[in-house]
>>> print(open('my_file.cif').read())   # mmCIF, C-alpha atoms
data_coords
#
loop_
_atom_site.label_atom_id
_atom_site.label_comp_id
_atom_site.auth_asym_id
_atom_site.auth_seq_id
_atom_site.Cartn_x
_atom_site.Cartn_y
_atom_site.Cartn_z
CA GLY A 1 -2.51 25.13 -1.23
CA PRO A 2 -5.11 27.05 0.75
CA VAL A 3 -3.79 25.90 4.11
CA ASP A 4 -0.08 26.40 3.57
CA GLY A 5 1.55 28.34 6.34
CA LEU A 6 -1.08 27.09 8.79
CA THR A 7 0.18 26.65 12.33
CA VAL A 8 -1.50 23.74 14.06
CA ARG A 9 -1.01 22.92 17.72
CA LEU A 10 -0.68 19.19 18.34
CA ALA A 11 -2.22 18.05 21.61
CA SER A 12 0.34 15.34 22.35
CA GLY A 13 3.41 14.97 24.50
CA ASN A 14 5.00 12.61 21.95
CA PRO A 15 7.83 14.37 20.05
CA HIS A 16 8.01 11.48 17.53
CA LYS A 17 4.43 12.20 16.45
CA ALA A 18 4.93 15.95 16.11
CA ARG A 19 8.00 15.32 13.95
CA GLU A 20 6.31 12.70 11.81
CA LEU A 21 3.15 14.78 11.30
CA GLY A 22 5.32 17.78 10.39
CA VAL A 23 6.76 15.72 7.52
CA LEU A 24 3.33 14.36 6.51
CA LEU A 25 1.61 17.74 6.43
CA PRO A 26 4.02 19.86 4.40
CA GLY A 27 3.16 23.54 4.49
CA TRP A 28 1.65 23.17 7.96
CA ARG A 29 3.67 24.07 11.06
CA ILE A 30 2.93 21.36 13.60
CA GLU A 31 3.81 22.67 17.04
CA PRO A 32 3.47 20.45 20.10
CA LEU A 33 1.19 22.00 22.67
CA ASP A 34 2.71 21.95 26.11
CA ALA A 35 -0.56 20.77 27.55
CA GLY A 36 0.73 19.13 30.71
CA PRO A 37 -0.75 15.71 31.45
CA MET A 38 -3.25 14.74 28.78
CA PRO A 39 -6.73 13.66 29.87
CA GLU A 40 -7.17 9.96 30.59
CA GLU A 41 -7.87 8.10 27.36
CA VAL A 42 -11.33 6.88 28.21
CA GLY A 43 -12.77 6.73 24.70
CA ALA A 44 -13.80 3.38 23.27
CA THR A 45 -12.23 4.14 19.88
CA PHE A 46 -9.16 5.83 18.39
CA TYR A 47 -11.48 8.54 17.03
CA GLU A 48 -13.01 9.32 20.45
CA ASN A 49 -9.55 9.56 22.00
CA ALA A 50 -8.21 11.79 19.22
CA ARG A 51 -11.23 14.07 19.57
CA ALA A 52 -10.86 14.22 23.37
CA LYS A 53 -7.20 15.22 22.98
CA ALA A 54 -8.08 17.93 20.47
CA ARG A 55 -10.85 19.28 22.71
CA TYR A 56 -8.52 19.33 25.67
CA GLY A 57 -5.86 21.02 23.54
CA ARG A 58 -8.36 23.71 22.64
CA THR A 59 -8.74 24.58 26.34
CA VAL A 60 -4.99 25.24 26.74
CA ALA A 61 -4.12 26.64 23.28
CA GLU A 62 -4.28 30.33 22.50
CA PRO A 63 -7.74 31.49 21.36
CA GLY A 64 -8.31 31.08 17.64
CA ALA A 65 -5.66 28.36 17.28
CA TRP A 66 -6.14 25.27 15.11
CA VAL A 67 -5.67 22.23 17.34
CA LEU A 68 -4.92 18.67 16.27
CA GLY A 69 -5.54 15.49 18.25
CA GLU A 70 -4.09 12.15 17.19
CA ASP A 71 -4.65 8.63 18.40
CA SER A 72 -3.25 5.52 16.83
CA GLY A 73 -2.38 1.96 17.57
CA LEU A 74 -2.29 -1.65 16.54
CA GLU A 75 -5.10 -4.18 16.27
CA VAL A 76 -4.09 -7.85 16.10
CA GLU A 77 -6.49 -10.51 14.83
CA GLY A 78 -5.40 -13.33 17.15
CA LEU A 79 -5.69 -11.04 20.19
CA GLY A 80 -9.27 -10.01 19.45
CA GLY A 81 -8.19 -6.55 18.28
CA ARG A 82 -5.83 -5.87 21.16
CA PRO A 83 -3.71 -3.96 22.03
CA GLY A 84 -5.98 -1.43 20.25
CA ILE A 85 -6.45 1.85 22.09
CA ARG A 86 -4.12 0.57 24.82
CA SER A 87 -1.23 0.15 22.36
CA ALA A 88 1.03 2.70 24.07
CA ARG A 89 0.37 1.24 27.53
CA TYR A 90 0.03 -2.42 26.63
CA ALA A 91 2.63 -3.66 29.10
CA GLY A 92 1.62 -1.15 31.80
CA GLU A 93 1.26 2.58 32.39
CA ASP A 94 4.96 3.47 32.06
CA ALA A 95 5.83 0.75 29.55
CA SER A 96 8.60 1.41 27.04
CA ASP A 97 8.23 0.52 23.36
CA GLU A 98 10.40 -2.49 24.09
CA ASP A 99 8.20 -3.67 26.97
CA ASN A 100 5.11 -3.42 24.76
CA LEU A 101 6.82 -5.32 21.94
CA ASP A 102 7.94 -8.06 24.29
CA ARG A 103 4.43 -8.50 25.65
CA LEU A 104 2.94 -8.62 22.15
CA LEU A 105 5.42 -11.27 20.96
CA GLU A 106 4.90 -13.32 24.13
CA GLU A 107 1.14 -13.30 23.62
CA LEU A 108 1.58 -14.36 19.99
CA ALA A 109 4.07 -17.16 20.72
CA GLY A 110 2.89 -20.22 18.80
CA VAL A 111 0.12 -18.31 17.02
CA GLY A 112 -0.11 -19.10 13.29
CA PRO A 113 -0.32 -16.71 10.31
CA ALA A 114 -4.08 -16.06 10.55
CA GLY A 115 -3.78 -14.90 14.14
CA ARG A 116 -0.83 -12.67 13.31
CA ARG A 117 -2.86 -10.57 10.84
CA ALA A 118 -2.77 -6.99 12.09
CA ARG A 119 -3.81 -3.46 11.27
CA TYR A 120 -2.31 -0.13 12.22
CA VAL A 121 -4.95 2.58 12.68
CA CYS A 122 -4.52 6.36 12.96
CA GLU A 123 -7.24 8.93 13.62
CA LEU A 124 -6.59 12.66 13.31
CA VAL A 125 -9.11 15.21 14.56
CA CYS A 126 -8.50 18.88 13.81
CA LEU A 127 -10.54 21.62 15.47
CA SER A 128 -10.66 24.87 13.53
CA PRO A 129 -12.33 27.99 14.95
CA GLU A 130 -14.00 28.68 11.58
CA LEU A 131 -14.53 25.22 10.14
CA GLY A 132 -15.35 23.16 13.22
CA GLU A 133 -14.23 19.53 13.44
CA LEU A 134 -12.31 17.95 10.55
CA ARG A 135 -11.02 14.41 10.62
CA GLY A 136 -8.84 11.96 8.74
CA ARG A 137 -8.48 8.21 9.27
CA GLY A 138 -5.80 5.94 7.87
CA THR A 139 -5.17 2.21 8.17
CA LEU A 140 -2.33 -0.08 7.17
CA GLU A 141 -2.88 -3.83 6.87
CA GLY A 142 -0.12 -6.31 7.61
CA ARG A 143 1.10 -9.01 9.95
CA ILE A 144 3.24 -9.39 13.06
CA ALA A 145 6.73 -10.81 12.51
CA GLU A 146 8.24 -13.51 14.75
CA GLU A 147 10.90 -11.13 16.09
CA PRO A 148 11.83 -7.43 15.91
CA ARG A 149 13.90 -6.29 12.91
CA GLY A 150 15.17 -2.87 11.88
CA SER A 151 15.96 0.32 13.77
CA ALA A 152 13.86 3.06 12.14
CA GLY A 153 10.46 4.11 13.43
CA PHE A 154 9.06 3.62 16.92
CA GLY A 155 6.30 1.75 18.73
CA TYR A 156 5.48 -1.57 17.06
CA ASP A 157 7.30 -0.75 13.80
CA PRO A 158 10.04 -3.39 14.31
CA VAL A 159 7.46 -6.23 14.22
CA PHE A 160 4.88 -4.89 11.75
CA VAL A 161 5.27 -6.22 8.19
CA PRO A 162 2.91 -4.38 5.79
CA ASP A 163 1.05 -6.39 3.13
CA GLY A 164 3.15 -6.72 -0.01
CA GLN A 165 6.43 -6.14 1.86
CA SER A 166 8.95 -8.55 3.31
CA GLY A 167 10.56 -6.03 5.67
CA THR A 168 9.13 -4.54 8.86
CA VAL A 169 8.21 -0.85 8.98
CA ALA A 170 11.39 -0.33 11.03
CA GLU A 171 13.40 -1.84 8.15
CA LEU A 172 11.48 -0.01 5.42
CA GLY A 173 12.39 3.29 7.08
CA ASP A 174 11.19 6.87 7.24
CA ALA A 175 10.88 7.56 3.52
CA TRP A 176 8.59 4.56 3.09
CA LYS A 177 6.56 5.58 6.14
CA ALA A 178 6.15 9.13 4.85
CA GLY A 179 4.37 7.78 1.77
CA SER A 180 2.58 4.70 3.01
CA SER A 181 2.01 4.51 6.78
CA HIS A 182 -1.37 4.66 8.51
CA ARG A 183 -0.39 8.12 9.76
CA ALA A 184 0.51 9.22 6.20
CA ARG A 185 -2.89 8.04 4.98
CA ALA A 186 -4.71 9.78 7.84
CA ALA A 187 -2.78 13.01 7.13
CA GLU A 188 -3.73 12.81 3.46
CA ALA A 189 -7.40 12.28 4.38
CA LEU A 190 -7.26 15.24 6.80
CA ARG A 191 -5.70 17.52 4.16
CA GLU A 192 -8.53 16.61 1.80
CA ALA A 193 -11.15 17.26 4.49
CA VAL A 194 -9.64 20.69 5.26
CA GLY A 195 -9.33 21.53 1.57
CA SER A 196 -12.95 20.70 0.81
CA ALA A 197 -14.22 22.53 3.92
CA LEU A 198 -12.34 25.66 2.80
CA ARG A 199 -13.78 25.42 -0.72
CA GLU A 200 -17.30 25.25 0.70
CA GLU A 201 -16.87 28.33 2.87
#
>>> encode(input="my_file.cif", output="structure tokens")
Amino acid sequence: GPVDGLTVRLASGNPHKARELGVLLPGWRIEPLDAGPMPEEVGATFYENARAKARYGRTVAEPGAWVLGEDSGLEVEGLGGRPGIRSARYAGEDASDEDNLDRLLEELAGVGPAGRRARYVCELVCLSPELGELRGRGTLEGRIAEEPRGSAGFGYDPVFVPDGQSGTVAELGDAWKAGSSHRARAAEALREAVGSALREE
């Protein structure tokens, strides 16, 4: 395609995300940007945070670089949409995945099926010197399991059961994620946005 061989600098300190996006955007070289501490996530939405990361990345990347910002997380019905943009820090600033999971399950103890409805959201914002801002959003609907199962994935994957599946994302594994996750859907949307912007040039 028109953007194969593109090197994109990812404004994120999370090696999982760089690896996963590298798989989801074949033909693109996703290189983590050693950007030091990222700006405080003060946006009200995943999109605002992804855009802020990309803009910050632009200030530290080499001139002319394509820069990608990503923000994602989990919204749970019975928690009024929390943890939302605080998904990575739900149990505190230096919380581990396990701490966050524990807090989520504690808060949902005794909550019935309706309250366990959940959605994974991913926003990708790419800044291109020529094309300006391009974005892709992806969501995955599902529910929160009673306890963690499976060892693949990261974050809330061990408790997130996608609609139409009986296993958690951590049980379904990487191949499933590469085709069906919120991040896969956002990557697909971003590829389309970049492709159509290039055709219009």
>>> closest_atom_pairs(input="my_file.cif", of="range 96-195 of chain A", to="range 70-89 of chain A", cutoff="7 Å", atoms="only C-alpha atoms", output="tab-separated table")
residue	atom	partner	partner_atom	distance
A:Gly115	CA	A:Gly78	CA	3.8
A:Arg116	CA	A:Gly78	CA	6.0
A:Arg117	CA	A:Glu77	CA	5.4
A:Ala118	CA	A:Val76	CA	4.3
A:Arg119	CA	A:Glu75	CA	5.2
A:Tyr120	CA	A:Leu74	CA	4.6
A:Val121	CA	A:Ser72	CA	5.4
A:Cys122	CA	A:Ser72	CA	4.2
A:Glu123	CA	A:Asp71	CA	5.4
A:Leu124	CA	A:Glu70	CA	4.6
A:Val125	CA	A:Glu70	CA	6.4
>>> resolve_selection(input="my_file.cif", expression="the PyMOL selection byres ((chain A and resi 49-64) around 8)", output="PyMOL selection string")
chain A and resi 9-12+33+35+38-39+41-48+65-71+123-129
>>> atom_distance(input="my_file.cif", atom1="CA of Glu188 in chain A", atom2="CA of Trp28 in chain A")
12.5 Å
>>> atom_distance(input="my_file.cif", atom1="CA of Thr168 in chain A", atom2="CA of Glu146 in chain A")
10.8 Å
>>> resolve_selection(input="my_file.cif", expression="the PyMOL selection byres ((chain A and resi 95-105) around 9)", output="NGL selection string")
:A and (83 or 87-94 or 106-109 or 144-148 or 154-156 or 158-159)
>>> closest_residue(input="my_file.cif", among="A:Arg29, A:Val194, A:Arg185, A:Asn14", to="Glu133 in chain A", atoms="all atoms listed in the file")
A:Val194
>>> closest_residue(input="my_file.cif", among="A:Val161, A:Ala197, A:Val111, A:Ala175", to="Leu140 in chain A", atoms="only C-alpha atoms")
A:Val161
>>> atom_distance(input="my_file.cif", atom1="CA of Ala114 in chain A", atom2="CA of Arg183 in chain A")
24.5 Å
>>> closest_residue(input="my_file.cif", among="A:Val23, A:Leu131, A:Leu172, A:Ile30", to="Ala184 in chain A", atoms="only C-alpha atoms")
A:Val23
>>> resolve_selection(input="my_file.cif", expression="the PyMOL selection byres ((chain A and resi 173) around 12)", output="list in words")
Arg149, Gly150, Ser151, Ala152, Gly153, Phe154, Asp157, Pro158, Val161, Gly167, Thr168, Val169, Ala170, Glu171, Leu172, Asp174, Ala175, Trp176, Lys177, Ala178, Gly179, Ser180 and Ser181 of chain A
>>> decode(input="my_file.cif", residues="range 124-159 of chain A", atoms="N, CA, C and O atoms", output="mmCIF file, in the first residue's frame")
data_model
loop_
_atom_site.group_PDB
_atom_site.id
_atom_site.type_symbol
_atom_site.label_atom_id
_atom_site.label_comp_id
_atom_site.auth_asym_id
_atom_site.auth_seq_id
_atom_site.Cartn_x
_atom_site.Cartn_y
_atom_site.Cartn_z
ATOM 1 N N LEU A 124 -6.418 6.314 18.337
ATOM 2 C CA LEU A 124 -5.098 6.540 17.755
ATOM 3 C C LEU A 124 -5.116 7.887 17.041
ATOM 4 O O LEU A 124 -6.041 8.172 16.276
ATOM 5 N N VAL A 125 -4.112 8.704 17.307
ATOM 6 C CA VAL A 125 -3.978 9.988 16.614
ATOM 7 C C VAL A 125 -2.581 10.045 16.009
ATOM 8 O O VAL A 125 -1.581 9.927 16.720
ATOM 9 N N CYS A 126 -2.544 10.193 14.688
ATOM 10 C CA CYS A 126 -1.273 10.231 13.966
ATOM 11 C C CYS A 126 -1.070 11.649 13.430
ATOM 12 O O CYS A 126 -1.988 12.211 12.823
ATOM 13 N N LEU A 127 0.093 12.215 13.675
ATOM 14 C CA LEU A 127 0.411 13.534 13.136
ATOM 15 C C LEU A 127 1.433 13.367 12.020
ATOM 16 O O LEU A 127 2.531 12.858 12.245
ATOM 17 N N SER A 128 1.033 13.779 10.827
ATOM 18 C CA SER A 128 1.912 13.692 9.665
ATOM 19 C C SER A 128 2.269 15.100 9.224
ATOM 20 O O SER A 128 1.392 15.971 9.159
ATOM 21 N N PRO A 129 3.557 15.350 8.928
ATOM 22 C CA PRO A 129 3.963 16.687 8.506
ATOM 23 C C PRO A 129 3.168 17.180 7.288
ATOM 24 O O PRO A 129 2.832 18.352 7.209
ATOM 25 N N GLU A 130 2.860 16.264 6.365
ATOM 26 C CA GLU A 130 2.162 16.670 5.139
ATOM 27 C C GLU A 130 0.648 16.621 5.285
ATOM 28 O O GLU A 130 -0.068 17.440 4.712
ATOM 29 N N LEU A 131 0.150 15.630 6.012
ATOM 30 C CA LEU A 131 -1.292 15.370 5.993
ATOM 31 C C LEU A 131 -2.020 15.889 7.224
ATOM 32 O O LEU A 131 -3.233 15.795 7.312
ATOM 33 N N GLY A 132 -1.269 16.404 8.194
ATOM 34 C CA GLY A 132 -1.915 16.898 9.412
ATOM 35 C C GLY A 132 -2.336 15.768 10.336
ATOM 36 O O GLY A 132 -1.671 14.733 10.418
ATOM 37 N N GLU A 133 -3.477 15.953 11.016
ATOM 38 C CA GLU A 133 -3.922 14.978 12.019
ATOM 39 C C GLU A 133 -4.844 13.925 11.395
ATOM 40 O O GLU A 133 -5.791 14.255 10.700
ATOM 41 N N LEU A 134 -4.524 12.658 11.651
ATOM 42 C CA LEU A 134 -5.340 11.537 11.175
ATOM 43 C C LEU A 134 -5.687 10.702 12.401
ATOM 44 O O LEU A 134 -4.853 10.520 13.278
ATOM 45 N N ARG A 135 -6.911 10.200 12.442
ATOM 46 C CA ARG A 135 -7.257 9.441 13.650
ATOM 47 C C ARG A 135 -8.042 8.177 13.338
ATOM 48 O O ARG A 135 -8.671 8.049 12.290
ATOM 49 N N GLY A 136 -7.970 7.241 14.260
ATOM 50 C CA GLY A 136 -8.745 6.008 14.167
ATOM 51 C C GLY A 136 -9.250 5.646 15.552
ATOM 52 O O GLY A 136 -8.511 5.758 16.524
ATOM 53 N N ARG A 137 -10.518 5.229 15.616
ATOM 54 C CA ARG A 137 -11.100 4.823 16.903
ATOM 55 C C ARG A 137 -11.625 3.396 16.765
ATOM 56 O O ARG A 137 -12.168 3.028 15.718
ATOM 57 N N GLY A 138 -11.448 2.616 17.796
ATOM 58 C CA GLY A 138 -11.992 1.259 17.802
ATOM 59 C C GLY A 138 -12.592 0.933 19.151
ATOM 60 O O GLY A 138 -12.086 1.378 20.181
ATOM 61 N N THR A 139 -13.701 0.180 19.143
ATOM 62 C CA THR A 139 -14.294 -0.245 20.412
ATOM 63 C C THR A 139 -14.574 -1.750 20.363
ATOM 64 O O THR A 139 -14.691 -2.329 19.281
ATOM 65 N N LEU A 140 -14.618 -2.345 21.528
ATOM 66 C CA LEU A 140 -14.942 -3.762 21.650
ATOM 67 C C LEU A 140 -15.920 -3.909 22.816
ATOM 68 O O LEU A 140 -15.598 -3.528 23.945
ATOM 69 N N GLU A 141 -17.102 -4.426 22.514
ATOM 70 C CA GLU A 141 -18.128 -4.583 23.552
ATOM 71 C C GLU A 141 -17.982 -5.942 24.237
ATOM 72 O O GLU A 141 -17.613 -6.926 23.588
ATOM 73 N N GLY A 142 -18.310 -5.985 25.520
ATOM 74 C CA GLY A 142 -18.221 -7.257 26.232
ATOM 75 C C GLY A 142 -18.730 -7.146 27.655
ATOM 76 O O GLY A 142 -19.579 -6.312 27.963
ATOM 77 N N ARG A 143 -18.165 -7.979 28.519
ATOM 78 C CA ARG A 143 -18.579 -7.960 29.923
ATOM 79 C C ARG A 143 -17.388 -8.363 30.796
ATOM 80 O O ARG A 143 -16.423 -8.958 30.309
ATOM 81 N N ILE A 144 -17.494 -8.049 32.070
ATOM 82 C CA ILE A 144 -16.414 -8.359 33.013
ATOM 83 C C ILE A 144 -16.710 -9.691 33.708
ATOM 84 O O ILE A 144 -17.769 -9.865 34.310
ATOM 85 N N ALA A 145 -15.751 -10.615 33.602
ATOM 86 C CA ALA A 145 -15.888 -11.939 34.224
ATOM 87 C C ALA A 145 -15.804 -11.833 35.752
ATOM 88 O O ALA A 145 -15.379 -10.817 36.293
ATOM 89 N N GLU A 146 -16.185 -12.907 36.427
ATOM 90 C CA GLU A 146 -16.140 -12.925 37.900
ATOM 91 C C GLU A 146 -14.709 -13.014 38.425
ATOM 92 O O GLU A 146 -14.410 -12.559 39.529
ATOM 93 N N GLU A 147 -13.828 -13.645 37.640
ATOM 94 C CA GLU A 147 -12.426 -13.764 38.093
ATOM 95 C C GLU A 147 -11.516 -13.845 36.877
ATOM 96 O O GLU A 147 -11.967 -14.191 35.793
ATOM 97 N N PRO A 148 -10.219 -13.499 37.065
ATOM 98 C CA PRO A 148 -9.282 -13.499 35.938
ATOM 99 C C PRO A 148 -9.054 -14.907 35.392
ATOM 100 O O PRO A 148 -8.985 -15.868 36.164
ATOM 101 N N ARG A 149 -8.967 -15.019 34.059
ATOM 102 C CA ARG A 149 -8.658 -16.294 33.407
ATOM 103 C C ARG A 149 -7.763 -16.022 32.201
ATOM 104 O O ARG A 149 -7.997 -15.075 31.454
ATOM 105 N N GLY A 150 -6.759 -16.890 32.028
ATOM 106 C CA GLY A 150 -5.910 -16.799 30.844
ATOM 107 C C GLY A 150 -4.641 -16.003 31.114
ATOM 108 O O GLY A 150 -4.568 -15.219 32.061
ATOM 109 N N SER A 151 -3.630 -16.207 30.273
ATOM 110 C CA SER A 151 -2.330 -15.591 30.547
ATOM 111 C C SER A 151 -1.818 -14.715 29.404
ATOM 112 O O SER A 151 -0.788 -14.075 29.532
ATOM 113 N N ALA A 152 -2.538 -14.676 28.275
ATOM 114 C CA ALA A 152 -2.086 -13.804 27.186
ATOM 115 C C ALA A 152 -2.567 -12.376 27.445
ATOM 116 O O ALA A 152 -3.388 -12.141 28.321
ATOM 117 N N GLY A 153 -2.034 -11.439 26.692
ATOM 118 C CA GLY A 153 -2.520 -10.065 26.786
ATOM 119 C C GLY A 153 -1.984 -9.354 28.015
ATOM 120 O O GLY A 153 -1.079 -9.828 28.697
ATOM 121 N N PHE A 154 -2.557 -8.194 28.292
ATOM 122 C CA PHE A 154 -2.119 -7.392 29.441
ATOM 123 C C PHE A 154 -3.292 -6.516 29.869
ATOM 124 O O PHE A 154 -4.380 -6.614 29.310
ATOM 125 N N GLY A 155 -3.071 -5.684 30.889
ATOM 126 C CA GLY A 155 -4.152 -4.816 31.344
ATOM 127 C C GLY A 155 -5.331 -5.626 31.871
ATOM 128 O O GLY A 155 -5.161 -6.550 32.673
ATOM 129 N N TYR A 156 -6.525 -5.310 31.383
ATOM 130 C CA TYR A 156 -7.747 -5.943 31.878
ATOM 131 C C TYR A 156 -8.133 -7.173 31.058
ATOM 132 O O TYR A 156 -9.224 -7.719 31.243
ATOM 133 N N ASP A 157 -7.265 -7.619 30.165
ATOM 134 C CA ASP A 157 -7.598 -8.751 29.285
ATOM 135 C C ASP A 157 -8.059 -10.010 30.029
ATOM 136 O O ASP A 157 -8.942 -10.716 29.538
ATOM 137 N N PRO A 158 -7.483 -10.330 31.206
ATOM 138 C CA PRO A 158 -7.913 -11.563 31.881
ATOM 139 C C PRO A 158 -9.358 -11.542 32.404
ATOM 140 O O PRO A 158 -9.880 -12.594 32.766
ATOM 141 N N VAL A 159 -9.994 -10.364 32.466
ATOM 142 C CA VAL A 159 -11.383 -10.333 32.943
ATOM 143 C C VAL A 159 -12.372 -9.845 31.888
ATOM 144 O O VAL A 159 -13.568 -9.764 32.152
#
